[in-house]
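Asks: Pasting query.txt below, which is compact mmCIF, C-alpha atoms.
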```txt
# COMPACT_ATOMS: atom_id res chain seq x y z
CA MET A 1 39.89 -6.85 50.91
CA ALA A 2 37.22 -6.30 48.25
CA CYS A 3 36.62 -10.04 48.11
CA LEU A 4 36.03 -10.15 51.90
CA LYS A 5 33.44 -7.34 51.65
CA LYS A 6 31.70 -9.21 48.83
CA VAL A 7 31.55 -12.42 50.93
CA LYS A 8 30.16 -10.50 53.91
CA LEU A 9 27.54 -8.86 51.68
CA VAL A 10 26.52 -12.20 50.15
CA ASN A 11 26.27 -13.73 53.64
CA ALA A 12 24.13 -10.81 54.85
CA VAL A 13 21.79 -11.11 51.86
CA THR A 14 21.52 -14.89 52.35
CA THR A 15 20.73 -14.45 56.05
CA LEU A 16 18.13 -11.79 55.29
CA ASN A 17 16.55 -13.95 52.57
CA SER A 18 16.32 -16.92 54.97
CA ALA A 19 14.66 -14.75 57.61
CA ILE A 20 12.10 -13.49 55.08
CA VAL A 21 11.31 -17.01 53.87
CA ASN A 22 10.92 -18.25 57.47
CA LYS A 23 8.58 -15.38 58.36
CA ALA A 24 6.52 -15.90 55.20
CA GLU A 25 6.04 -19.55 56.11
CA GLU A 26 4.89 -18.56 59.60
CA PHE A 27 2.49 -15.94 58.25
CA ASP A 28 -1.03 -17.10 57.44
CA LEU A 29 -2.11 -15.59 54.11
CA SER A 30 -5.76 -16.29 54.90
CA ILE A 31 -5.56 -13.58 57.59
CA VAL A 32 -4.39 -11.06 55.00
CA GLU A 33 -7.13 -12.12 52.57
CA LYS A 34 -9.76 -11.89 55.31
CA ASN A 35 -8.65 -8.35 56.21
CA ILE A 36 -8.60 -7.28 52.57
CA ASN A 37 -12.10 -8.70 52.04
CA SER A 38 -13.31 -6.93 55.18
CA ILE A 39 -11.94 -3.59 53.99
CA SER A 40 -13.38 -4.20 50.51
CA THR A 41 -16.82 -4.91 52.00
CA LEU A 42 -16.73 -1.72 54.06
CA LEU A 43 -15.76 0.34 51.03
CA SER A 44 -18.40 -1.24 48.81
CA ASN A 45 -21.04 -0.35 51.41
CA GLU A 46 -20.17 3.33 50.96
CA THR A 47 -22.29 4.62 48.09
CA THR A 48 -21.56 7.80 46.19
CA GLU A 49 -23.40 8.77 43.04
CA GLY A 50 -23.18 12.11 41.30
CA THR A 51 -25.74 14.12 39.43
CA THR A 52 -26.22 14.10 35.68
CA GLY A 53 -26.98 17.81 35.57
CA SER A 54 -30.68 17.53 34.81
CA THR A 55 -33.15 19.61 36.79
CA ASN A 56 -33.62 18.38 40.35
CA ASN A 57 -31.36 15.36 39.79
CA GLN A 58 -29.65 14.51 43.04
CA GLY A 59 -26.26 13.27 44.06
CA ILE A 60 -25.96 11.00 47.07
CA PHE A 61 -23.35 9.84 49.57
CA LYS A 62 -24.48 7.08 51.90
CA GLY A 63 -21.95 6.21 54.60
CA GLN A 64 -21.76 2.92 56.43
CA SER A 65 -21.77 4.90 59.68
CA GLY A 66 -25.32 6.05 58.88
CA ILE A 67 -24.61 9.54 57.54
CA MET A 68 -26.26 10.49 54.28
CA ILE A 69 -25.65 13.56 52.16
CA LEU A 70 -27.90 14.48 49.25
CA TRP A 71 -27.29 17.43 46.96
CA GLY A 72 -28.78 19.02 43.90
CA ALA A 73 -29.60 22.21 42.06
CA SER A 74 -32.96 23.46 40.83
CA GLN A 75 -33.55 26.18 38.26
CA THR A 76 -35.97 28.81 39.56
CA THR A 77 -37.91 28.87 36.30
CA THR A 78 -39.39 25.54 37.48
CA PHE A 79 -40.59 27.08 40.77
CA SER A 80 -44.24 27.88 41.53
CA TYR A 81 -45.36 31.31 42.75
CA SER A 82 -47.18 31.93 46.02
CA SER A 83 -49.06 35.23 45.83
CA SER A 84 -49.88 35.10 49.56
CA GLY A 85 -46.22 34.60 50.50
CA LYS A 86 -44.94 36.67 47.59
CA LEU A 87 -42.24 34.13 46.84
CA TYR A 88 -41.29 31.35 44.49
CA TYR A 89 -41.03 27.81 45.85
CA LEU A 90 -40.26 24.27 44.81
CA ASP A 91 -40.82 20.98 46.64
CA VAL A 92 -37.84 18.68 46.20
CA THR A 93 -38.50 15.03 47.03
CA PHE A 94 -35.36 13.31 48.29
CA ARG A 95 -34.28 10.31 46.23
CA THR A 96 -33.80 8.35 49.49
CA LYS A 97 -35.69 8.84 52.75
CA PHE A 98 -33.81 10.10 55.80
CA LYS A 99 -34.43 8.48 59.18
CA GLU A 100 -34.91 11.94 60.73
CA SER A 101 -35.38 15.36 59.15
CA PRO A 102 -32.01 16.43 57.74
CA ILE A 103 -30.30 19.80 57.87
CA VAL A 104 -30.76 21.52 54.50
CA MET A 105 -28.57 24.38 53.33
CA THR A 106 -29.18 26.45 50.20
CA SER A 107 -27.17 28.81 48.07
CA PRO A 108 -28.00 30.79 44.92
CA ARG A 109 -26.08 30.40 41.69
CA PHE A 110 -26.95 33.23 39.32
CA THR A 111 -25.24 33.83 36.00
CA GLY A 112 -26.43 37.43 36.17
CA GLY A 113 -24.12 37.96 39.13
CA ILE A 114 -26.73 39.25 41.59
CA PRO A 115 -27.51 36.73 44.35
CA GLU A 116 -31.14 36.40 45.33
CA ASN A 117 -32.68 35.65 48.73
CA VAL A 118 -33.00 31.89 48.99
CA GLY A 119 -33.70 29.46 51.78
CA THR A 120 -35.39 26.34 53.02
CA LEU A 121 -39.04 26.85 53.92
CA THR A 122 -39.85 23.36 55.31
CA THR A 123 -38.07 20.02 55.59
CA SER A 124 -39.19 16.49 56.40
CA THR A 125 -37.58 13.06 56.08
CA THR A 126 -38.75 12.77 52.46
CA LYS A 127 -38.64 16.30 51.01
CA THR A 128 -37.74 19.93 51.41
CA ARG A 129 -39.36 23.11 50.12
CA LEU A 130 -36.97 25.68 48.67
CA GLY A 131 -37.95 29.33 48.49
CA CYS A 132 -36.60 32.45 46.79
CA ASN A 133 -37.75 35.92 45.85
CA ALA A 134 -37.12 35.67 42.09
CA SER A 135 -37.61 33.34 39.17
CA THR A 136 -35.39 34.07 36.25
CA SER A 137 -33.38 32.26 33.62
CA GLY A 138 -29.90 31.52 34.89
CA LEU A 139 -30.86 31.48 38.59
CA TRP A 140 -30.35 28.11 40.26
CA ILE A 141 -30.81 27.19 43.89
CA GLU A 142 -28.18 24.71 45.00
CA TRP A 143 -29.02 22.68 48.08
CA LEU A 144 -27.31 20.21 50.39
CA ALA A 145 -29.14 17.92 52.84
CA ILE A 146 -27.19 16.18 55.63
CA GLY A 147 -28.73 13.63 57.96
CA ILE A 148 -28.86 9.94 58.83
CA TRP A 149 -30.32 7.06 56.85
CA LYS A 150 -30.13 4.32 59.51
```
Let me see the file written as structure tokens.

Replies:
Amino acid sequence: MACLKKVKLVNAVTTLNSAIVNKAEEFDLSIVEKNINSISTLLSNETTEGTTGSTNNQGIFKGQSGIMILWGASQTTTFSYSSSGKLYYLDVTFRTKFKESPIVMTSPRFTGGIPENVGTLTTSTTKTRLGCNASTSGLWIEWLAIGIWK
């Protein structure tokens, strides 16, 4: 009985192997290669670069769909003071131009633990002006710009 089961198993494996070989011969490998190359091209067109941590250095994500996200952080000790507006500000030039003015969001990062009032004063396709009410060591303004590049 065990011998009969072994013969049936060998026959099943042989049949399955033949079916796989026949299908492989029918299948055009150039189609697979073309699809892999197409996916590879799409992925290589997506660009993501991080920041190095230096002042005003910017990270970037550029999607094939046209979305672009830039981000960075600026230490407030590099900001200028406006006596008429009674605030500190910094113009950040985007490393890549947006097609239209992006949405820019800001957030304070303060090692002293007390968040300061921060925000975006103006934004264009090439730069944004950050503003805050303090300039002190340890206070950084983190920003994120989201828009389209094409």

Asks: For A:Cys132, which residue among A:Tyr81, A:Pro102, A:Ile148, A:Gly112 is the nearest when counting all atoms listed in the file?

Replies: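 Residue with the minimum atom-to-atom distance to A:Cys132: A:Tyr81.
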
Asks: For A:Thr122, which of A:Ser101, A:Phe94, A:Ser65, A:Ile60 is the closest residue, counting only C-alpha atoms?

Replies: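 Comparing A:Ser101, A:Phe94, A:Ser65, A:Ile60 against A:Thr122, the winner is A:Ser101.
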
Asks: Return as AutoDock Vina command-line options the box centre and box size in Å, one decimal, for an axis-aligned box around all listed atoms of stretch 116-131 of chain A padded by 3 Å per side.

Replies:
```
--center_x -35.5 --center_y 24.6 --center_z 50.9 --size_x 14.7 --size_y 29.6 --size_z 17.1
```

Asks: As an exercise, work out the distance from atom CA of A:Arg109 to atom CA of A:Gly66 in Å and give it to one decimal place.

Replies: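 Computed distance, atom CA of A:Arg109 to atom CA of A:Gly66, equals 29.8 Å.
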
Asks: Show which residues sit within 10 Å of A:Phe98, as a ChimeraX atom specification. Count all atoms listed in the file, and ignore same-chain residues fewer than 4 positions away.

Replies: /A:66-70,94,102,124-127,145-150

Asks: Can you work out which one of A:Thr136, A:Ser83, A:Asn57, A:Thr77 has the shortest atom-to-atom distance to A:Thr111, counting only C-alpha atoms?

Replies: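 Among the listed residues, A:Thr136 lies closest to A:Thr111.
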
Asks: For the atom pair atom CA of A:Tyr88 and atom CA of A:Phe61, what is the interatomic distance in Å to one decimal place?

Replies: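 We find that atom CA of A:Tyr88 and atom CA of A:Phe61 lie 28.5 Å from each other.
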
Asks: Taking (-41.6, 17.6, 45.9) in the file's own coordinates, collect the residues within 8 Å, counting only C-alpha atoms, and hand them back as a ChimeraX atom specification.

Replies: /A:90-94,127-129

Asks: For stretch 82-94 of chain A, which lacks atoms in the input, supply N, CA, C and O atoms and format the output as a compact mmCIF listing (two decimals), in the frame of the given file.

Replies:
```txt
# COMPACT_ATOMS: atom_id res chain seq x y z
N SER A 82 -46.17 31.78 44.97
CA SER A 82 -47.18 31.93 46.02
C SER A 82 -47.49 33.41 46.16
O SER A 82 -46.66 34.19 46.64
N SER A 83 -48.70 33.81 45.74
CA SER A 83 -49.06 35.23 45.83
C SER A 83 -49.24 35.67 47.28
O SER A 83 -48.95 36.80 47.63
N SER A 84 -49.70 34.74 48.14
CA SER A 84 -49.88 35.10 49.56
C SER A 84 -48.52 35.29 50.24
O SER A 84 -48.35 36.18 51.07
N GLY A 85 -47.55 34.47 49.90
CA GLY A 85 -46.22 34.60 50.50
C GLY A 85 -45.29 35.50 49.71
O GLY A 85 -44.22 35.87 50.16
N LYS A 86 -45.72 35.85 48.50
CA LYS A 86 -44.94 36.67 47.59
C LYS A 86 -43.53 36.10 47.39
O LYS A 86 -42.53 36.80 47.52
N LEU A 87 -43.52 34.79 47.09
CA LEU A 87 -42.24 34.13 46.84
C LEU A 87 -42.43 32.97 45.90
O LEU A 87 -43.53 32.50 45.66
N TYR A 88 -41.32 32.53 45.35
CA TYR A 88 -41.29 31.35 44.49
C TYR A 88 -40.84 30.16 45.32
O TYR A 88 -40.00 30.30 46.22
N TYR A 89 -41.38 28.98 45.05
CA TYR A 89 -41.03 27.81 45.85
C TYR A 89 -41.02 26.55 44.99
O TYR A 89 -41.61 26.51 43.91
N LEU A 90 -40.32 25.57 45.48
CA LEU A 90 -40.26 24.27 44.81
C LEU A 90 -40.12 23.19 45.87
O LEU A 90 -39.29 23.30 46.77
N ASP A 91 -40.95 22.15 45.77
CA ASP A 91 -40.82 20.98 46.64
C ASP A 91 -39.87 19.99 45.98
O ASP A 91 -40.10 19.57 44.84
N VAL A 92 -38.81 19.65 46.68
CA VAL A 92 -37.84 18.68 46.20
C VAL A 92 -38.00 17.41 47.02
O VAL A 92 -37.83 17.43 48.24
N THR A 93 -38.38 16.33 46.35
CA THR A 93 -38.50 15.03 47.03
C THR A 93 -37.13 14.36 47.01
O THR A 93 -36.51 14.23 45.96
N PHE A 94 -36.66 13.96 48.20
CA PHE A 94 -35.36 13.31 48.29
C PHE A 94 -35.40 11.96 47.61
O PHE A 94 -36.39 11.23 47.69
```
